[in-house]
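Shown below: my_file.cif, with mmCIF, C-alpha atoms and all ligand atoms.
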data_query
#
loop_
_atom_site.label_atom_id
_atom_site.label_comp_id
_atom_site.auth_asym_id
_atom_site.auth_seq_id
_atom_site.Cartn_x
_atom_site.Cartn_y
_atom_site.Cartn_z
CA MET A 1 -39.53 -3.12 -7.22
CA ALA A 2 -38.20 -4.32 -10.51
CA TYR A 3 -35.72 -2.13 -12.31
CA THR A 4 -34.69 -2.77 -15.90
CA VAL A 5 -31.58 -1.20 -17.28
CA PRO A 6 -32.69 1.13 -20.10
CA LYS A 7 -30.86 1.16 -23.43
CA LEU A 8 -29.32 4.55 -24.03
CA THR A 9 -30.00 6.42 -27.24
CA ASP A 10 -29.10 9.88 -26.02
CA TYR A 11 -25.54 10.23 -24.66
CA SER A 12 -25.77 13.84 -23.52
CA GLU A 13 -24.74 14.74 -19.96
CA ARG A 14 -28.39 15.47 -19.14
CA ALA A 15 -29.59 12.06 -20.36
CA LEU A 16 -26.79 10.23 -18.54
CA GLU A 17 -27.57 12.05 -15.33
CA ARG A 18 -31.25 11.13 -15.64
CA ALA A 19 -30.41 7.45 -16.26
CA ALA A 20 -28.04 7.40 -13.27
CA THR A 21 -30.61 9.06 -11.00
CA GLU A 22 -33.34 6.57 -11.97
CA CYS A 23 -31.01 3.67 -11.30
CA LEU A 24 -29.92 5.00 -7.90
CA SER A 25 -33.44 5.74 -6.80
CA ALA A 26 -34.42 2.14 -7.61
CA CYS A 27 -31.36 0.94 -5.69
CA LEU A 28 -32.26 3.02 -2.61
CA THR A 29 -35.85 1.79 -2.61
CA ASP A 30 -34.56 -1.76 -2.83
CA ALA A 31 -32.05 -1.15 0.00
CA ASN A 32 -34.79 0.21 2.27
CA SER A 33 -36.66 -3.07 2.09
CA VAL A 34 -33.65 -5.09 3.32
CA ARG A 35 -34.57 -6.45 6.79
CA ASN A 36 -32.12 -9.30 7.47
CA SER A 37 -28.99 -10.95 6.18
CA ALA A 38 -30.93 -13.12 3.69
CA ASP A 39 -32.45 -9.94 2.17
CA LEU A 40 -28.98 -8.40 2.11
CA LYS A 41 -27.62 -11.30 0.09
CA VAL A 42 -30.46 -11.01 -2.43
CA PHE A 43 -29.81 -7.27 -2.63
CA ARG A 44 -26.07 -7.73 -3.16
CA ASP A 45 -26.61 -10.40 -5.83
CA ARG A 46 -29.21 -8.32 -7.65
CA TRP A 47 -27.03 -5.22 -7.88
CA LEU A 48 -23.41 -6.26 -7.64
CA SER A 49 -22.98 -9.88 -8.68
CA ARG A 50 -21.24 -10.83 -11.91
CA LYS A 51 -24.50 -10.65 -13.86
CA GLY A 52 -26.14 -8.07 -11.59
CA THR A 53 -27.46 -4.65 -12.44
CA VAL A 54 -24.07 -2.92 -12.33
CA ALA A 55 -22.68 -5.43 -14.84
CA GLN A 56 -25.75 -4.99 -17.03
CA ILE A 57 -25.39 -1.21 -16.96
CA LYS A 58 -21.79 -1.58 -17.99
CA SER A 59 -22.68 -3.51 -21.13
CA ALA A 60 -25.86 -1.55 -21.91
CA TRP A 61 -24.25 1.87 -21.56
CA LEU A 62 -20.62 1.47 -22.37
CA GLU A 63 -20.43 -1.16 -25.05
CA ASP A 64 -22.84 0.59 -27.42
CA ALA A 65 -21.65 4.11 -26.69
CA PRO A 66 -20.26 6.05 -29.68
CA LYS A 67 -16.51 6.60 -29.42
CA ASP A 68 -16.64 10.30 -28.58
CA ALA A 69 -19.16 9.71 -25.76
CA ARG A 70 -17.20 6.91 -24.04
CA LYS A 71 -15.36 9.12 -21.60
CA LEU A 72 -18.53 10.79 -20.34
CA VAL A 73 -20.44 7.49 -20.17
CA GLY A 74 -17.49 5.99 -18.29
CA PHE A 75 -17.61 8.80 -15.77
CA TRP A 76 -21.34 8.35 -15.12
CA PHE A 77 -21.02 4.57 -14.97
CA ASN A 78 -18.24 4.81 -12.36
CA ALA A 79 -20.16 7.36 -10.31
CA THR A 80 -23.27 5.14 -10.36
CA LYS A 81 -21.28 2.04 -9.43
CA ASP A 82 -19.61 3.87 -6.51
CA ARG A 83 -22.97 5.02 -5.19
CA ILE A 84 -24.43 1.51 -5.41
CA GLN A 85 -21.44 0.08 -3.52
CA GLN A 86 -21.85 2.83 -0.93
CA CYS A 87 -25.53 1.97 -0.65
CA LEU A 88 -24.64 -1.68 0.05
CA LYS A 89 -22.15 -0.62 2.72
CA GLU A 90 -24.72 1.67 4.40
CA THR A 91 -27.30 -1.09 4.36
CA GLU A 92 -24.82 -3.48 6.01
CA ASP A 93 -24.07 -0.87 8.68
CA ARG A 94 -27.76 -0.31 9.30
CA LEU A 95 -28.35 -4.05 9.82
CA VAL A 96 -25.45 -4.26 12.27
CA GLN A 97 -26.83 -1.31 14.23
CA GLU A 98 -30.31 -2.84 14.31
CA VAL A 99 -28.93 -6.12 15.63
CA GLU A 100 -26.89 -4.33 18.29
CA ALA A 101 -29.87 -2.23 19.36
CA ALA A 102 -32.01 -5.36 19.62
CA LEU A 103 -29.38 -7.14 21.74
CA GLY A 104 -28.88 -4.12 23.98
CA GLY A 105 -32.63 -3.86 24.49
CA ASN A 106 -32.84 -7.50 25.54
CA LEU A 107 -30.00 -7.42 28.06
CA PRO A 108 -31.99 -6.11 31.07
CA ASP A 109 -34.58 -8.79 30.41
CA ARG A 110 -32.12 -11.58 31.08
CA GLU A 111 -32.50 -13.02 34.49
CA SER A 112 -28.89 -13.63 35.38
CA VAL A 113 -25.37 -13.54 34.03
CA ASP A 114 -23.28 -16.70 34.28
CA ILE A 115 -20.18 -15.39 36.02
CA SER A 116 -18.42 -18.74 35.67
CA LEU A 117 -18.06 -18.31 31.89
CA PRO A 118 -14.58 -17.39 30.67
CA GLY A 119 -14.10 -13.68 30.01
CA VAL A 120 -13.30 -12.01 26.71
CA ARG A 121 -9.57 -12.25 26.10
CA ARG A 122 -8.03 -9.03 24.81
CA PRO A 123 -4.54 -9.74 23.46
CA ILE A 124 -1.94 -7.19 24.51
CA GLY A 125 -0.23 -5.51 21.57
CA ALA A 126 3.53 -5.42 21.11
CA GLU A 127 6.04 -3.24 19.33
CA HIS A 128 6.42 -3.96 15.62
CA PRO A 129 9.95 -5.28 14.92
CA VAL A 130 10.81 -2.16 12.85
CA ILE A 131 9.58 0.19 15.60
CA LYS A 132 11.40 -1.90 18.20
CA THR A 133 14.64 -1.69 16.22
CA THR A 134 14.16 2.07 15.74
CA ASN A 135 13.55 2.65 19.44
CA GLU A 136 16.62 0.62 20.41
CA MET A 137 18.82 2.57 18.00
CA VAL A 138 17.37 5.91 19.11
CA ARG A 139 18.06 4.98 22.73
CA VAL A 140 21.75 4.38 21.92
CA PHE A 141 22.03 7.98 20.71
CA GLN A 142 19.89 9.39 23.51
CA LYS A 143 22.45 7.96 25.95
CA LEU A 144 25.07 10.00 24.09
CA GLY A 145 23.05 13.17 24.71
CA TYR A 146 21.14 13.33 21.43
CA SER A 147 17.54 14.57 21.46
CA VAL A 148 14.80 13.21 19.20
CA ALA A 149 13.45 15.44 16.43
CA ASP A 150 10.70 14.85 13.93
CA GLY A 151 8.98 16.61 11.04
CA PRO A 152 6.27 16.29 8.38
CA VAL A 153 6.09 13.28 6.04
CA VAL A 154 4.54 15.49 3.33
CA GLU A 155 7.36 17.91 2.54
CA THR A 156 8.10 20.71 0.14
CA ASP A 157 10.62 20.33 -2.64
CA TYR A 158 12.68 22.99 -0.85
CA TYR A 159 13.23 21.01 2.36
CA ASN A 160 13.45 17.59 0.72
CA PHE A 161 15.89 18.57 -2.03
CA GLU A 162 16.94 22.15 -2.55
CA ALA A 163 18.14 22.99 0.98
CA LEU A 164 20.01 19.67 1.06
CA ASN A 165 22.11 20.71 -1.92
CA PHE A 166 20.08 18.91 -4.59
CA PRO A 167 19.46 21.88 -6.95
CA PRO A 168 16.59 21.61 -9.47
CA ASN A 169 17.54 19.28 -12.36
CA HIS A 170 20.55 17.95 -10.44
CA PRO A 171 21.16 14.30 -11.46
CA ALA A 172 21.40 13.22 -7.81
CA ARG A 173 17.62 13.71 -7.66
CA ASP A 174 17.25 10.69 -9.93
CA THR A 175 18.55 8.41 -7.19
CA GLN A 176 15.51 9.24 -5.07
CA ASP A 177 12.47 8.76 -7.31
CA THR A 178 9.77 10.72 -5.58
CA LEU A 179 6.01 10.45 -5.12
CA PHE A 180 4.62 13.94 -5.78
CA ILE A 181 1.27 15.24 -4.59
CA ALA A 182 -0.91 15.79 -7.70
CA GLY A 183 -2.19 19.07 -9.08
CA GLN A 184 0.58 21.48 -8.09
CA GLN A 185 1.93 22.52 -11.46
CA GLY A 186 0.79 26.08 -10.73
CA LYS A 187 3.20 26.42 -7.78
CA PRO A 188 6.87 27.37 -7.96
CA GLN A 189 8.98 24.21 -7.83
CA ARG A 190 10.36 24.80 -4.33
CA GLU A 191 6.83 24.95 -2.85
CA ARG A 192 5.53 21.76 -4.49
CA LEU A 193 4.58 19.02 -2.06
CA LEU A 194 5.91 15.48 -2.12
CA LEU A 195 6.27 12.51 0.20
CA ARG A 196 9.69 12.96 1.77
CA THR A 197 12.30 10.58 0.36
CA HIS A 198 14.50 10.75 3.45
CA THR A 199 14.34 12.13 7.00
CA SER A 200 17.01 14.72 6.16
CA PRO A 201 14.55 17.66 5.74
CA VAL A 202 14.17 17.50 9.53
CA GLN A 203 17.85 18.45 9.81
CA ILE A 204 17.15 21.75 8.04
CA ARG A 205 13.91 22.35 9.92
CA THR A 206 15.66 21.78 13.24
CA MET A 207 18.61 24.03 12.37
CA GLU A 208 16.12 26.79 11.46
CA LYS A 209 14.63 26.54 14.94
CA MET A 210 17.66 25.77 17.17
CA ARG A 211 20.97 27.50 17.21
CA PRO A 212 24.17 25.42 17.43
CA PRO A 213 25.42 23.35 19.17
CA ILE A 214 22.89 20.62 18.35
CA ARG A 215 22.84 16.85 18.52
CA ILE A 216 19.66 15.26 17.19
CA VAL A 217 18.47 11.84 16.10
CA ILE A 218 15.55 11.67 13.66
CA PRO A 219 13.50 8.49 13.25
CA GLY A 220 10.69 8.49 10.67
CA THR A 221 8.74 7.13 7.73
CA VAL A 222 9.86 7.96 4.19
CA HIS A 223 8.56 7.11 0.69
CA ARG A 224 10.09 6.45 -2.70
CA ASN A 225 8.65 5.36 -6.02
CA ASP A 226 10.06 1.83 -5.70
CA PRO A 227 7.93 -1.20 -6.52
CA PRO A 228 7.72 -3.59 -3.55
CA ASP A 229 10.02 -6.63 -3.53
CA ALA A 230 12.07 -8.57 -0.98
CA SER A 231 14.37 -5.62 -0.29
CA HIS A 232 12.36 -2.57 -1.47
CA SER A 233 9.15 -0.93 -0.40
CA PRO A 234 7.50 2.34 -1.45
CA MET A 235 7.28 3.09 2.30
CA PHE A 236 10.16 2.49 4.66
CA HIS A 237 11.87 3.86 7.76
CA GLN A 238 15.04 5.80 8.39
CA ILE A 239 17.01 6.91 11.39
CA GLU A 240 19.23 9.94 10.89
CA GLY A 241 21.51 11.90 13.12
CA LEU A 242 23.11 15.30 13.06
CA ALA A 243 25.73 16.89 15.31
CA VAL A 244 26.87 20.49 14.81
CA ASP A 245 29.29 22.45 16.97
CA THR A 246 32.58 24.27 16.65
CA ASN A 247 35.48 21.99 15.73
CA ILE A 248 33.55 18.82 14.94
CA THR A 249 35.83 16.57 12.91
CA PHE A 250 35.64 13.32 10.98
CA GLY A 251 37.25 11.75 14.06
CA ASP A 252 34.13 12.64 16.09
CA LEU A 253 31.96 11.03 13.41
CA LYS A 254 33.98 7.80 13.46
CA GLY A 255 34.19 7.64 17.25
CA THR A 256 30.46 8.28 17.72
CA LEU A 257 29.31 5.75 15.13
CA ASP A 258 31.80 3.09 16.21
CA HIS A 259 30.57 3.42 19.78
CA ALA A 260 26.91 3.34 18.69
CA MET A 261 27.38 0.17 16.63
CA LYS A 262 29.11 -1.60 19.53
CA GLU A 263 26.23 -0.59 21.81
CA PHE A 264 23.66 -1.84 19.32
CA PHE A 265 25.22 -4.99 17.81
CA GLY A 266 27.57 -5.98 20.64
CA SER A 267 31.02 -4.92 21.74
CA SER A 268 32.87 -7.30 19.41
CA VAL A 269 31.78 -5.67 16.11
CA LYS A 270 34.30 -3.64 14.15
CA THR A 271 33.50 -0.75 11.84
CA SER A 272 34.98 0.22 8.49
CA PHE A 273 34.48 3.42 6.52
CA ARG A 274 34.62 3.57 2.70
CA PRO A 275 34.39 6.70 0.52
CA SER A 276 31.00 7.49 -1.02
CA PHE A 277 28.92 10.39 -2.33
CA PHE A 278 25.87 12.21 -0.96
CA PRO A 279 24.90 15.72 -2.09
CA PHE A 280 24.58 17.04 1.48
CA THR A 281 27.85 15.75 2.96
CA GLU A 282 31.47 16.24 1.96
CA PRO A 283 33.44 14.06 2.40
CA SER A 284 30.94 11.21 2.48
CA ALA A 285 31.36 7.60 3.53
CA GLU A 286 29.53 4.32 3.81
CA MET A 287 30.02 2.56 7.09
CA PHE A 288 30.23 -1.21 7.32
CA VAL A 289 30.14 -3.31 10.45
CA SER A 290 31.83 -6.69 10.70
CA CYS A 291 29.16 -9.34 10.14
CA PHE A 292 27.52 -10.07 13.50
CA ILE A 293 25.99 -13.22 12.02
CA CYS A 294 29.17 -15.07 10.99
CA GLY A 295 31.55 -13.07 13.19
CA GLY A 296 33.29 -11.68 10.09
CA SER A 297 34.40 -15.04 8.70
CA GLY A 298 31.97 -15.01 5.73
CA ARG A 299 30.93 -18.59 6.52
CA ARG A 300 28.43 -20.27 8.80
CA GLY A 301 29.90 -23.72 9.34
CA GLU A 302 29.95 -25.36 5.92
CA GLU A 303 27.52 -22.82 4.44
CA PRO A 304 28.41 -19.41 2.95
CA CYS A 305 27.06 -16.49 5.05
CA ARG A 306 24.33 -14.86 2.94
CA PRO A 307 23.62 -11.63 4.89
CA CYS A 308 27.20 -10.42 4.33
CA LYS A 309 27.53 -12.09 0.91
CA GLN A 310 30.57 -13.97 2.32
CA THR A 311 32.55 -10.74 2.69
CA GLY A 312 32.39 -10.62 6.48
CA TRP A 313 31.12 -7.01 6.29
CA ILE A 314 27.61 -5.54 6.22
CA GLU A 315 26.86 -2.04 4.98
CA ILE A 316 24.85 -0.27 7.66
CA LEU A 317 24.72 3.45 6.99
CA GLY A 318 25.75 6.48 5.00
CA CYS A 319 27.47 9.39 6.69
CA GLY A 320 29.73 12.36 6.20
CA MET A 321 30.68 15.89 7.21
CA VAL A 322 27.83 18.37 6.57
CA ASP A 323 28.49 20.14 3.25
CA PRO A 324 29.14 23.89 3.82
CA ASN A 325 26.52 24.57 1.10
CA VAL A 326 23.87 23.11 3.42
CA PHE A 327 24.90 25.44 6.26
CA GLU A 328 24.49 28.38 3.86
CA PHE A 329 20.70 27.79 3.93
CA VAL A 330 20.58 28.25 7.74
CA LYS A 331 23.49 30.65 8.08
CA ASP A 332 21.31 33.37 9.65
CA ASN A 333 20.56 31.14 12.63
CA GLY A 334 24.19 30.80 13.69
CA TYR A 335 25.37 28.17 11.21
CA ASP A 336 28.16 30.12 9.55
CA PRO A 337 30.12 27.43 7.67
CA ARG A 338 33.35 29.24 8.57
CA LYS A 339 32.57 28.89 12.30
CA VAL A 340 30.73 25.60 12.73
CA SER A 341 31.11 22.10 11.38
CA GLY A 342 29.14 18.93 11.82
CA PHE A 343 28.48 15.40 10.78
CA ALA A 344 25.35 13.57 9.69
CA PHE A 345 24.45 9.94 9.24
CA GLY A 346 21.42 7.97 8.10
CA MET A 347 20.42 4.32 8.14
CA GLY A 348 17.46 2.16 7.10
CA ALA A 349 15.62 0.87 10.15
CA ASP A 350 13.86 -1.83 8.11
CA ARG A 351 17.13 -3.22 6.77
CA ILE A 352 18.65 -3.37 10.24
CA ALA A 353 15.51 -5.11 11.52
CA LEU A 354 15.76 -7.66 8.65
CA LEU A 355 19.36 -8.42 9.60
CA LYS A 356 18.70 -8.45 13.31
CA TYR A 357 15.70 -10.82 13.13
CA GLY A 358 17.03 -12.94 10.26
CA VAL A 359 14.06 -12.16 7.97
CA ASP A 360 14.69 -12.43 4.22
CA ASP A 361 11.64 -10.59 2.82
CA LEU A 362 10.94 -6.95 3.68
CA GLN A 363 7.30 -7.27 2.62
CA LEU A 364 6.60 -9.56 5.59
CA PHE A 365 7.04 -6.57 7.90
CA PHE A 366 4.24 -4.62 6.22
CA GLN A 367 1.60 -7.28 5.52
CA GLY A 368 0.20 -7.03 9.04
CA ASP A 369 0.05 -10.80 9.64
CA VAL A 370 0.04 -11.20 13.42
CA ARG A 371 1.21 -14.81 13.15
CA PHE A 372 4.45 -13.47 11.66
CA LEU A 373 4.76 -10.34 13.81
CA GLY A 374 3.82 -12.22 16.99
CA GLN A 375 7.14 -14.11 16.85
CA TRP A 376 8.89 -11.08 18.35
CA ALA A 377 6.17 -9.96 20.72
ZN ZN A 401 28.44 -12.91 7.53
#
Is it possible to give me this structure as structure tokens?
Amino acid sequence: MAYTVPKLTDYSERALERAATECLSACLTDANSVRNSADLKVFRDRWLSRKGTVAQIKSAWLEDAPKDARKLVGFWFNATKDRIQQCLKETEDRLVQEVEAALGGNLPDRESVDISLPGVRRPIGAEHPVIKTTNEMVRVFQKLGYSVADGPVVETDYYNFEALNFPPNHPARDTQDTLFIAGQQGKPQRERLLLRTHTSPVQIRTMEKMRPPIRIVIPGTVHRNDPPDASHSPMFHQIEGLAVDTNITFGDLKGTLDHAMKEFFGSSVKTSFRPSFFPFTEPSAEMFVSCFICGGSGRRGEEPCRPCKQTGWIEILGCGMVDPNVFEFVKDNGYDPRKVSGFAFGMGADRIALLKYGVDDLQLFFQGDVRFLGQWA
């Protein structure tokens, strides 16, 4: 059935709806007559090619539309286009089902099966290098008596920021540009949902549920509003830890992390702590390990060592003593800052995997190319 795109003279909602309905009904009739892949190609070309019906609608409706009607026409054009694409997809699915049904119906008719033919090979999957790195690091802490905790990726502002000592409008929030869930302006700020920017909310959630002493390690996915490049991704992975008890000191923090790094990177690595700032720890530090690639010399033969920028040290994690302000939020569950103390640490699993596997572009981990990922299977 031939369908010609009508010129629009009336740009009212009612007229646009009528034009869209006529177009879709012609598209559905056309789709119903598709019987094989040759028909499907004709159908796709007629409706969705560069000069197809959808393109014609775009010029016939949108280009001549008066300025004040453009938004409405745009809406109806997009809705019509989506439905036509959906119609194509459903027609493809229907053809696949028909072919499968026909094959299935023919199977019993076949006289024999050639059992000498090679079977269908199903490749066995393997851990993704980031997951593998995470699991190895988690195991190091499990051996020290830590249990694994997890929590929601979609968090409230309260758990992601406020309870971690980032008050509303605090400048430290700027360092973690967040992806917010849309349409929540009606809610109080602390209830608004966002994609968590760190795994730290799980620390608060766990302290609300478990009384001290606790020792937990928290692996998980986090998001920030960072454009993707060789060292950034809007989605990445962290591993955090938290230990709370009476009389936990900075010495416990240093001893635990030094031991963990030797377990993970090898017994010859050294660690170094340098002062830093995080809103939820006080004092805070960045921990470096001696470069396990050049052995701390800063050079690889004649070449400068790039992973450690020739310094012999690689920054691995942030850590510190839990700020008493954070304990105030969970005080009623036994975390009186005058009675307990603790330390926390957090590291980027992706960064450690990059270093460990000698990969120089973070994006390679997330493009899903099995030729790349298979190297570590
Ligand atoms: Zn180095």
### Task
Could you check how far CA of Ala260 (chain A) sits from CA of Phe141 (chain A), in Å to one decimal?
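Atom-to-atom, CA of Ala260 (chain A) to CA of Phe141 (chain A), that is 7.0 Å.
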### Message
What's the separation between CA of Ile57 (chain A) and CA of Val96 (chain A), in Å to one decimal place?
### Response
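Distance reported for this atom pair: 29.4 Å.
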### Task
Give as a PyMOL selection string the residues surrounding ligand ZN 401 (chain A) up to a distance of 10 Å, considering all atoms listed in the file.
chain A and resi 290-300+304-314
### Task
For region 67-77 of chain A, work out the shell of residues within 8 Å, counting all atoms listed in the file and skipping chain neighbours fewer than 4 positions away, then give it as a ChimeraX atom specification.
/A:11,13,16-17,20,57-58,61-62,81
### Task
Select, from A:Phe236, A:Asp350, A:Asn32, A:Pro201, the residue with the minimum atom-to-atom distance to Asn165 (chain A), counting all atoms listed in the file.
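Checking each candidate against Asn165 (chain A), we get A:Pro201 as the closest.
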### Task
Find the residues around Tyr146 (chain A) up to 6 Å (only C-alpha atoms counted), leave out those fewer than 4 positions away in its own chain, and share them as a PyMOL selection string.
chain A and resi 141-142+215-216
Residue selection dump (C-alpha atoms) as a short mmCIF file (atom, residue, chain, number, x, y, z; two decimals), in the coordinates of the input:
data_model
loop_
_atom_site.label_atom_id
_atom_site.label_comp_id
_atom_site.auth_asym_id
_atom_site.auth_seq_id
_atom_site.Cartn_x
_atom_site.Cartn_y
_atom_site.Cartn_z
CA PHE A 141 22.03 7.98 20.71
CA GLN A 142 19.89 9.39 23.51
CA ARG A 215 22.84 16.85 18.52
CA ILE A 216 19.66 15.26 17.19
#
### Query
From the set A:Lys51, A:His259, A:Arg371, A:Arg196, which residue has the shortest atom-to-atom contact distance to Val154 (chain A), counting only C-alpha atoms?
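So, comparing all the options, the nearest one is A:Arg196.
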### Query
Which polymer residues have any atom within 9 Å of an atom of Phe278 (chain A), counting all atoms listed in the file, with same-chain residues fewer than 6 positions away left out, as a PyMOL selection string?
chain A and resi 172+284-285+318-320
### Task
Measure the distance from CA of Lys132 (chain A) to CA of Leu364 (chain A) in Å and round it to one decimal.
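So the two atoms, CA of Lys132 (chain A) and CA of Leu364 (chain A), lie 15.5 Å apart.
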### Message
Counting all atoms listed in the file, which residue out of A:Phe343, A:Phe365, A:Trp47, A:Tyr3 sits closest to Glu240 (chain A)?
### Response
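Of A:Phe343, A:Phe365, A:Trp47, A:Tyr3, the one nearest Glu240 (chain A) is A:Phe343, counting all atoms listed in the file.
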### Message
List as a list in words the protein and nucleic acid residues near Ser37 (chain A), meaning an atom at most 10 Å away when only C-alpha atoms are counted, but skip any in the same chain fewer than 5 places from it.
### Response
Val42, Phe43, Glu92, Leu95 and Val96 of chain A
### Message
Between A:Pro228, A:Pro234, A:Gly348, A:Pro167, which residue has the minimum interatomic distance to Thr199 (chain A), considering only C-alpha atoms?
### Response
A:Gly348
#### Entry: Residue contacts of region 243-245 of chain A (6 Å, only C-alpha atoms) excluding same-chain residues fewer than 6 positions away, as a list of chain:residue names
A:Pro212, A:Pro213, A:Ile214, A:Arg215, A:Val340, A:Ser341, A:Gly342, A:Phe343
